[in-house]
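Have a look at structure-v1.txt; it's compact mmCIF, C-alpha atoms and all ligand atoms:
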# COMPACT_ATOMS: atom_id res chain seq x y z
CA MET A 1 84.98 121.58 136.03
CA VAL A 2 85.47 122.42 132.33
CA GLU A 3 89.22 122.77 132.83
CA LYS A 4 89.34 119.31 134.48
CA THR A 5 87.52 117.73 131.52
CA MET A 6 89.80 119.53 129.07
CA SER A 7 92.89 118.27 130.88
CA TYR A 8 91.58 114.66 130.96
CA THR A 9 90.83 114.89 127.21
CA SER A 10 94.26 116.25 126.38
CA THR A 11 95.96 113.57 128.53
CA LEU A 12 93.94 110.90 126.74
CA LYS A 13 94.97 112.36 123.38
CA GLU A 14 98.63 112.25 124.42
CA TYR A 15 98.40 108.62 125.55
CA LEU A 16 96.59 107.72 122.31
CA ALA A 17 99.40 109.34 120.29
CA LEU A 18 101.88 107.02 122.05
CA THR A 19 100.17 104.02 120.41
CA LYS A 20 101.06 105.08 116.81
CA PRO A 21 97.38 104.84 115.74
CA GLY A 22 98.22 105.33 112.06
CA ILE A 23 100.44 102.26 111.98
CA VAL A 24 98.10 100.18 114.20
CA THR A 25 95.15 100.92 111.91
CA LEU A 26 96.92 99.40 108.91
CA VAL A 27 98.20 96.54 111.09
CA LEU A 28 94.55 95.73 111.88
CA ILE A 29 93.62 95.75 108.17
CA THR A 30 96.28 93.08 107.56
CA THR A 31 95.06 91.18 110.65
CA LEU A 32 91.48 91.22 109.33
CA GLY A 33 92.72 90.07 105.93
CA GLY A 34 94.51 87.13 107.54
CA MET A 35 91.38 86.31 109.55
CA TYR A 36 89.09 86.37 106.57
CA ILE A 37 91.44 84.10 104.60
CA GLY A 38 91.94 81.74 107.56
CA SER A 39 88.17 81.42 108.08
CA LYS A 40 87.59 80.96 104.33
CA GLY A 41 85.20 83.90 104.41
CA ASN A 42 83.16 82.62 107.40
CA LEU A 43 83.94 85.42 109.83
CA GLU A 44 82.13 85.49 113.17
CA PRO A 45 81.69 89.12 114.33
CA ILE A 46 82.56 88.34 117.97
CA THR A 47 85.76 86.54 116.90
CA VAL A 48 86.67 89.51 114.69
CA PHE A 49 86.10 91.83 117.64
CA TRP A 50 88.31 89.92 120.10
CA THR A 51 91.04 89.28 117.50
CA LEU A 52 91.29 92.92 116.41
CA LEU A 53 91.11 94.10 120.03
CA GLY A 54 93.81 91.68 121.18
CA THR A 55 96.14 92.28 118.23
CA GLY A 56 95.54 96.03 118.32
CA LEU A 57 96.38 96.16 122.04
CA ALA A 58 99.63 94.22 121.46
CA ALA A 59 100.66 96.51 118.58
CA ALA A 60 99.67 99.64 120.49
CA GLY A 61 101.39 98.52 123.70
CA SER A 62 104.56 97.67 121.79
CA ALA A 63 104.54 101.08 120.07
CA VAL A 64 104.16 102.79 123.48
CA ILE A 65 107.11 100.89 124.96
CA ASN A 66 109.09 101.62 121.77
CA MET A 67 108.49 105.33 122.41
CA PHE A 68 109.56 104.88 126.05
CA PHE A 69 112.91 103.39 125.06
CA ASP A 70 113.36 105.79 122.11
CA ARG A 71 112.55 108.95 124.10
CA ASP A 72 116.19 110.14 124.01
CA ILE A 73 116.63 109.83 120.25
CA ASP A 74 113.07 111.05 119.61
CA ARG A 75 114.06 114.30 121.38
CA VAL A 76 117.03 114.72 119.02
CA MET A 77 115.28 113.87 115.74
CA GLU A 78 113.18 116.60 114.06
CA ARG A 79 110.53 114.12 112.86
CA THR A 80 109.87 112.77 116.37
CA SER A 81 110.78 115.65 118.71
CA SER A 82 107.13 116.66 119.09
CA ARG A 83 106.08 113.24 120.44
CA PRO A 84 104.39 113.17 123.89
CA ILE A 85 107.37 111.95 125.97
CA PRO A 86 110.09 114.26 124.52
CA ARG A 87 107.58 117.13 124.78
CA GLY A 88 107.07 116.35 128.47
CA ALA A 89 103.33 115.79 127.96
CA VAL A 90 103.56 112.18 129.24
CA ASN A 91 105.77 110.90 132.05
CA PRO A 92 108.13 108.11 130.79
CA THR A 93 107.29 105.75 133.66
CA GLY A 94 103.57 106.32 133.08
CA ALA A 95 104.07 105.46 129.42
CA LEU A 96 105.99 102.28 130.27
CA ILE A 97 103.27 101.10 132.68
CA PHE A 98 100.59 101.98 130.08
CA GLY A 99 102.39 100.00 127.35
CA LEU A 100 102.93 96.97 129.57
CA ALA A 101 99.27 97.05 130.67
CA LEU A 102 98.09 97.08 127.04
CA ILE A 103 100.26 94.04 126.22
CA LEU A 104 99.07 92.16 129.31
CA VAL A 105 95.41 92.80 128.44
CA SER A 106 96.18 91.72 124.86
CA PHE A 107 97.56 88.39 126.10
CA PHE A 108 94.51 87.86 128.31
CA VAL A 109 92.02 88.72 125.52
CA LEU A 110 93.66 86.50 122.89
CA THR A 111 94.19 83.58 125.31
CA VAL A 112 90.66 83.63 126.75
CA PHE A 113 88.58 84.58 123.69
CA ILE A 114 90.65 83.31 120.72
CA ASN A 115 93.36 80.67 121.19
CA SER A 116 96.78 80.21 122.77
CA THR A 117 98.57 80.20 119.40
CA ALA A 118 97.23 83.68 118.54
CA ALA A 119 98.25 84.91 122.02
CA LEU A 120 101.75 83.41 121.68
CA LEU A 121 102.24 84.92 118.20
CA ALA A 122 101.20 88.37 119.50
CA MET A 123 103.72 88.09 122.35
CA ILE A 124 106.43 87.04 119.85
CA ALA A 125 105.54 90.09 117.73
CA SER A 126 105.74 92.35 120.76
CA PHE A 127 109.06 90.80 121.84
CA SER A 128 110.58 91.23 118.38
CA TYR A 129 109.42 94.87 118.15
CA VAL A 130 110.33 95.98 121.66
CA VAL A 131 113.32 93.81 122.66
CA LEU A 132 114.97 92.63 119.42
CA TYR A 133 114.30 95.74 117.30
CA THR A 134 114.04 98.68 119.70
CA VAL A 135 116.36 97.72 122.58
CA LEU A 136 118.96 95.44 121.03
CA LEU A 137 119.39 96.23 117.31
CA LYS A 138 118.01 99.60 116.15
CA ARG A 139 120.97 101.57 117.58
CA ARG A 140 123.55 98.99 116.50
CA THR A 141 122.89 97.69 112.99
CA PRO A 142 120.80 98.38 109.86
CA ILE A 143 119.68 94.71 109.96
CA ALA A 144 117.31 95.90 112.72
CA THR A 145 114.83 96.81 109.97
CA GLU A 146 114.57 93.24 108.69
CA VAL A 147 114.31 91.90 112.25
CA GLY A 148 111.61 94.47 113.03
CA GLY A 149 109.84 93.08 109.98
CA ILE A 150 109.16 89.82 111.88
CA SER A 151 106.95 91.82 114.19
CA GLY A 152 105.08 93.62 111.45
CA ALA A 153 104.59 90.40 109.44
CA LEU A 154 102.92 88.49 112.30
CA PRO A 155 99.53 90.31 112.57
CA PRO A 156 98.07 88.68 109.42
CA VAL A 157 99.27 85.31 110.79
CA ILE A 158 97.57 86.07 114.13
CA GLY A 159 94.40 86.85 112.20
CA TYR A 160 94.78 83.68 110.13
CA VAL A 161 95.15 81.40 113.15
CA ALA A 162 92.23 83.18 114.87
CA GLY A 163 90.08 82.48 111.80
CA SER A 164 91.22 78.91 111.13
CA GLY A 165 92.67 77.57 114.38
CA GLU A 166 95.74 76.34 112.53
CA LEU A 167 98.88 77.54 110.70
CA ASP A 168 99.63 76.34 107.17
CA LEU A 169 101.20 77.41 103.85
CA ARG A 170 98.64 80.19 103.36
CA ALA A 171 99.61 81.80 106.67
CA PHE A 172 103.29 81.60 105.70
CA VAL A 173 102.60 83.31 102.36
CA LEU A 174 100.92 86.22 104.15
CA PHE A 175 103.91 86.45 106.52
CA LEU A 176 106.37 86.44 103.61
CA ILE A 177 104.58 89.22 101.68
CA MET A 178 104.45 91.43 104.80
CA PHE A 179 108.08 90.61 105.68
CA MET A 180 109.38 91.67 102.25
CA TRP A 181 107.13 94.75 102.07
CA GLN A 182 108.34 96.43 105.26
CA PRO A 183 112.03 97.26 104.53
CA PRO A 184 111.26 99.19 101.30
CA HIS A 185 108.37 100.92 103.17
CA PHE A 186 110.87 102.12 105.79
CA TRP A 187 113.98 102.71 103.68
CA VAL A 188 112.44 105.54 101.65
CA LEU A 189 111.63 107.24 104.97
CA ALA A 190 115.11 106.46 106.29
CA LEU A 191 116.50 108.21 103.17
CA LYS A 192 114.35 111.29 103.78
CA TYR A 193 115.39 111.49 107.44
CA LYS A 194 119.03 110.36 106.90
CA ASP A 195 120.53 113.42 108.64
CA ASP A 196 118.04 113.09 111.51
CA TYR A 197 119.01 109.48 112.12
CA ALA A 198 122.72 110.31 111.77
CA ARG A 199 122.38 113.05 114.39
CA ALA A 200 120.65 110.58 116.72
CA GLY A 201 123.32 107.94 116.08
CA VAL A 202 120.84 105.44 114.60
CA PRO A 203 122.62 103.34 111.91
CA THR A 204 119.75 103.02 109.43
CA LEU A 205 120.76 101.63 106.03
CA PRO A 206 121.31 105.09 104.44
CA VAL A 207 123.44 106.16 107.43
CA ALA A 208 125.42 102.90 107.59
CA ARG A 209 125.72 102.00 103.88
CA GLY A 210 124.79 105.18 101.95
CA VAL A 211 122.04 106.24 99.55
CA PHE A 212 122.99 104.04 96.57
CA ILE A 213 123.06 100.75 98.52
CA THR A 214 119.74 101.68 100.14
CA LYS A 215 118.19 102.34 96.72
CA ILE A 216 119.53 99.02 95.37
CA LYS A 217 118.24 97.01 98.37
CA THR A 218 114.88 98.82 98.15
CA LEU A 219 114.62 97.71 94.51
CA ILE A 220 115.59 94.09 95.35
CA TYR A 221 112.89 93.82 98.02
CA THR A 222 110.29 95.64 95.90
CA VAL A 223 110.96 93.40 92.87
CA SER A 224 110.60 90.33 95.12
CA LEU A 225 107.00 91.40 95.81
CA LEU A 226 106.12 90.72 92.16
CA PRO A 227 106.44 86.89 92.36
CA LEU A 228 105.46 86.79 96.05
CA SER A 229 102.19 88.66 95.44
CA ILE A 230 101.23 86.09 92.76
CA ILE A 231 101.57 83.11 95.13
CA PRO A 232 98.11 83.59 96.75
CA TYR A 233 96.62 83.08 93.27
CA ALA A 234 99.04 80.25 92.38
CA ILE A 235 98.04 78.22 95.47
CA GLY A 236 94.33 78.70 94.81
CA MET A 237 93.77 81.12 97.70
CA THR A 238 92.48 84.00 95.55
CA GLY A 239 90.87 84.55 92.15
CA LYS A 240 91.88 86.30 88.92
CA LEU A 241 90.71 89.75 90.06
CA TYR A 242 93.30 89.57 92.85
CA LEU A 243 95.93 88.31 90.37
CA VAL A 244 95.43 91.27 88.01
CA THR A 245 95.46 93.74 90.92
CA ALA A 246 98.62 92.18 92.40
CA LEU A 247 100.38 92.29 89.00
CA VAL A 248 99.42 95.93 88.34
CA LEU A 249 100.35 97.07 91.89
CA SER A 250 103.66 95.16 91.93
CA ILE A 251 104.70 96.33 88.44
CA LEU A 252 103.83 99.93 89.36
CA TYR A 253 105.81 99.61 92.63
CA THR A 254 108.82 98.25 90.71
CA VAL A 255 108.60 100.98 88.04
CA TYR A 256 108.33 103.78 90.65
CA THR A 257 111.29 102.28 92.57
CA LEU A 258 113.37 101.97 89.37
CA LYS A 259 112.63 105.61 88.49
CA PHE A 260 113.67 106.61 92.02
CA LEU A 261 116.86 104.50 91.75
CA PHE A 262 117.99 106.22 88.53
CA SER A 263 116.93 109.70 89.67
CA LYS A 264 119.26 112.11 91.43
CA LYS A 265 116.66 112.41 94.21
CA GLU A 266 117.69 111.17 97.64
CA GLU A 267 114.15 110.80 98.95
CA SER A 268 110.70 109.91 97.71
CA MET A 269 107.65 110.40 99.90
CA LYS A 270 105.59 109.35 96.85
CA LEU A 271 107.17 105.89 97.16
CA PHE A 272 106.46 105.87 100.91
CA PHE A 273 102.77 106.66 100.45
CA PHE A 274 102.60 104.18 97.57
CA SER A 275 103.99 101.48 99.89
CA ILE A 276 101.00 102.02 102.20
CA ILE A 277 98.50 102.01 99.31
CA TYR A 278 100.20 98.85 97.96
CA ILE A 279 99.75 96.74 101.09
CA ALA A 280 96.29 98.12 101.93
CA VAL A 281 94.92 97.40 98.42
CA LEU A 282 96.68 94.01 98.17
CA PHE A 283 95.15 92.75 101.43
CA SER A 284 91.76 94.27 100.58
CA MET A 285 91.77 92.43 97.23
CA MET A 286 92.68 89.16 98.99
CA ILE A 287 89.54 89.65 101.08
CA ILE A 288 87.33 90.64 98.13
CA ASP A 289 88.54 87.88 95.78
CA LEU A 290 89.08 85.03 98.25
CA VAL A 291 88.43 81.52 96.93
CA LYS A 292 86.16 80.23 99.70
CA VAL A 293 86.47 76.49 99.23
C1 LIG B 1 110.34 97.14 109.98
C2 LIG B 1 109.09 97.53 110.15
C3 LIG B 1 108.64 98.97 110.03
C4 LIG B 1 109.37 100.12 110.15
C5 LIG B 1 110.86 100.29 110.45
C6 LIG B 1 108.43 101.22 109.97
C7 LIG B 1 108.78 102.57 110.05
C8 LIG B 1 107.88 103.60 109.95
C9 LIG B 1 108.18 104.98 110.26
C10 LIG B 1 109.51 105.49 110.79
C11 LIG B 1 107.07 105.71 110.01
C12 LIG B 1 106.87 107.21 110.17
C13 LIG B 1 106.20 107.39 111.51
C14 LIG B 1 106.21 108.82 111.98
O1 LIG B 1 106.95 109.64 111.40
O2 LIG B 1 105.49 109.10 112.96
C15 LIG B 1 106.05 104.78 109.53
C16 LIG B 1 104.79 105.17 109.18
C17 LIG B 1 103.79 104.28 108.85
N1 LIG B 1 103.90 102.91 108.87
FE1 LIG B 1 105.57 101.82 109.12
N2 LIG B 1 107.18 100.73 109.73
C18 LIG B 1 107.27 99.36 109.78
C19 LIG B 1 106.23 98.48 109.63
C20 LIG B 1 104.94 98.86 109.36
C21 LIG B 1 103.82 97.93 109.34
C22 LIG B 1 103.89 96.45 109.61
C23 LIG B 1 102.72 98.67 109.03
C24 LIG B 1 101.31 98.24 108.85
C25 LIG B 1 100.96 97.09 108.31
C26 LIG B 1 103.15 100.05 108.85
C27 LIG B 1 102.31 101.08 108.52
C28 LIG B 1 102.65 102.41 108.56
C29 LIG B 1 101.72 103.52 108.32
C30 LIG B 1 100.24 103.38 107.95
C31 LIG B 1 102.44 104.69 108.48
C32 LIG B 1 101.94 106.13 108.24
C33 LIG B 1 101.00 106.54 109.34
C34 LIG B 1 101.76 107.11 110.49
O3 LIG B 1 102.86 107.65 110.30
O4 LIG B 1 101.21 107.07 111.59
N3 LIG B 1 104.51 100.13 109.05
N4 LIG B 1 106.58 103.50 109.49
C1 LIG B 2 101.12 92.47 117.35
C2 LIG B 2 102.24 93.45 117.19
C3 LIG B 2 103.18 93.66 118.33
C4 LIG B 2 102.37 94.13 116.04
C5 LIG B 2 103.40 95.15 115.79
C6 LIG B 2 103.36 95.53 114.31
C7 LIG B 2 104.19 96.75 114.05
C8 LIG B 2 103.65 98.07 114.37
C9 LIG B 2 105.40 96.62 113.56
C10 LIG B 2 106.23 97.80 113.20
C11 LIG B 2 107.58 97.59 113.77
C12 LIG B 2 108.47 98.77 113.59
C13 LIG B 2 109.85 98.39 113.44
C14 LIG B 2 108.04 100.06 113.58
C15 LIG B 2 108.97 101.25 113.44
O1 LIG B 2 109.38 101.68 114.70
P1 LIG B 2 110.47 102.85 114.77
O2 LIG B 2 110.90 103.02 116.18
O3 LIG B 2 111.53 102.60 113.75
O4 LIG B 2 109.62 104.12 114.29
P2 LIG B 2 109.84 105.64 114.80
O5 LIG B 2 111.23 106.04 114.46
O6 LIG B 2 108.81 106.42 114.04
O7 LIG B 2 109.57 105.62 116.28

Can you turn what I pasted into structure tokens?
Amino acid sequence: MVEKTMSYTSTLKEYLALTKPGIVTLVLITTLGGMYIGSKGNLEPITVFWTLLGTGLAAAGSAVINMFFDRDIDRVMERTSSRPIPRGAVNPTGALIFGLALILVSFFVLTVFINSTAALLAMIASFSYVVLYTVLLKRRTPIATEVGGISGALPPVIGYVAGSGELDLRAFVLFLIMFMWQPPHFWVLALKYKDDYARAGVPTLPVARGVFITKIKTLIYTVSLLPLSIIPYAIGMTGKLYLVTALVLSILYTVYTLKFLFSKKEESMKLFFFSIIYIAVLFSMMIIDLVKV
């Protein structure tokens, strides 16, 4: 009996790992931020529950299907070779069915308990992650990263429309910040795992265009976050506490990226971890210092 329970638990753990819980957790923080802003601070707990469940299921299901399609290159790359499917811990077909089921339940939850716009946006995010990014572009062109950014930039918009029932300039600003944040977030990883991606035949920017171009483009996108992160204050969405935080975070991000650009180093995990702190603190400050009128 104990062995049976152990095996169920380990299978559950493997299926959970397929959902990229680390990424989905931060996705839900940005979704909550969008919701809080959309509702002008009047969050209803039950709406928060259904929105985070629906968006989380779409993100998780998309990550699972991404791992299904990427199982061949995951086996080749050191960073991903220990994932459940390459390790043989989860059957590929079982993973595909699991991922599709999560996305279907997501669509049902958002349609029934939130609104059709939120459900449609979640499906667009899933489509852009699974079909546009994973199946069509990732193995063909470095532009895949920017296209994949559409997917990652939609969760705060899903949260916004769940909280407000409409889409407006504020929702677009959240999308834009997320869209410009993602490439630099990934490119420092792509630099670290350049040989891994080359071995797997994935033309990430460092593989396709080299280290210097990747560093330059990382700086361009990171610098763009400085003016973009001020817009929420400029349009009256947030207060001065957010403005100061956004300025400090964006200047620090630019300085760290500049130092990396002029260094001989070809990777910077410090910049990767800072990218996660940057977006988590920025969205948290939007929530804390929201102008609720
Ligand atoms: C173009 C879009 C994106 C790309 C290409 C990308 C790529 C990656 C990669 C390759 C990793 C390392 C994963 C691993 O080694 O297992 C990673 C980690 C991470 N990403 Fe992203 N990401 C993107 C968008 C996002 C978004 C939208 C979020 C959340 C808002 C996010 C949050 C994270 C977090 C929290 C981690 C570290 C935790 C973990 O590895 O599980 N990423 N990302
Ligand atoms: C609602 C919804 C669908 C939200 C999705 C948000 C989200 C997680 C976007 C990230 C997209 C992305 C390109 C991840 C990296 O995958 P990868 O295959 O490059 O990473 P890997 O090499 O580690 O597998």

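Residue neighbourhood of A:Asn91, excluding near-sequence residues (fewer than 2 positions): Thr11, Glu14, Tyr15, Leu18, Val64, Met67, Phe68, Arg71, Arg83, Pro84, Ile85, Pro86, Arg87, Gly88, Ala89, Thr93, Gly94, Ala95, Leu96, Ile97 and Phe98 of chain A, at 12 Å, using only C-alpha atoms.
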
Given 7 Å and only C-alpha atoms and all ligand atoms, residues near ligand LIG 2 (chain B) as a short mmCIF file (atom, residue, chain, number, x, y, z; two decimals) with C-alpha atoms, in the coordinates of the input:
data_model
loop_
_atom_site.label_atom_id
_atom_site.label_comp_id
_atom_site.auth_asym_id
_atom_site.auth_seq_id
_atom_site.Cartn_x
_atom_site.Cartn_y
_atom_site.Cartn_z
CA ILE A 23 100.44 102.26 111.98
CA VAL A 24 98.10 100.18 114.20
CA VAL A 27 98.20 96.54 111.09
CA THR A 55 96.14 92.28 118.23
CA GLY A 56 95.54 96.03 118.32
CA ALA A 58 99.63 94.22 121.46
CA ALA A 59 100.66 96.51 118.58
CA SER A 62 104.56 97.67 121.79
CA ALA A 63 104.54 101.08 120.07
CA ASN A 66 109.09 101.62 121.77
CA MET A 67 108.49 105.33 122.41
CA ASP A 70 113.36 105.79 122.11
CA THR A 80 109.87 112.77 116.37
CA ALA A 122 101.20 88.37 119.50
CA MET A 123 103.72 88.09 122.35
CA ALA A 125 105.54 90.09 117.73
CA SER A 126 105.74 92.35 120.76
CA TYR A 129 109.42 94.87 118.15
CA TYR A 133 114.30 95.74 117.30
CA THR A 134 114.04 98.68 119.70
CA THR A 145 114.83 96.81 109.97
CA GLY A 148 111.61 94.47 113.03
CA GLY A 149 109.84 93.08 109.98
CA SER A 151 106.95 91.82 114.19
CA GLY A 152 105.08 93.62 111.45
CA LEU A 154 102.92 88.49 112.30
CA PRO A 155 99.53 90.31 112.57
#

Could the residues that lie within 9 Å of ligand LIG 1 (chain B), counting only C-alpha atoms and all ligand atoms, be listed as a VMD selection string?
chain A and resid 20 to 31 79 to 80 83 129 133 144 to 156 178 to 179 181 to 187 189 to 190 272 to 273 275 to 277 279 to 280

Which of these residues is nearest to A:Leu167, using only C-alpha atoms: A:Ser263, A:Ser81, A:Ser39, A:Thr218?
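Distance minimum relative to A:Leu167 lands on A:Ser39.
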
What does the distance from atom CA of A:Thr5 to atom CA of A:Pro92 come to in Å, to one decimal?
22.8 Å

Calculate how many Å separate atom CA of A:Ala118 from atom CA of A:Tyr242, rounding to one decimal.
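Spanning atom CA of A:Ala118 to atom CA of A:Tyr242 is a straight-line distance of 26.6 Å.
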
Tell me, in Å to one decimal, how far atom CA of A:Lys40 is from atom CA of A:Leu225.
23.6 Å

Do you know which residues are at most 10 Å from A:Gly236 counting only C-alpha atoms, after dropping those on the same chain fewer than 6 positions away, and could you put them as a ChimeraX atom specification?
/A:170,290-293
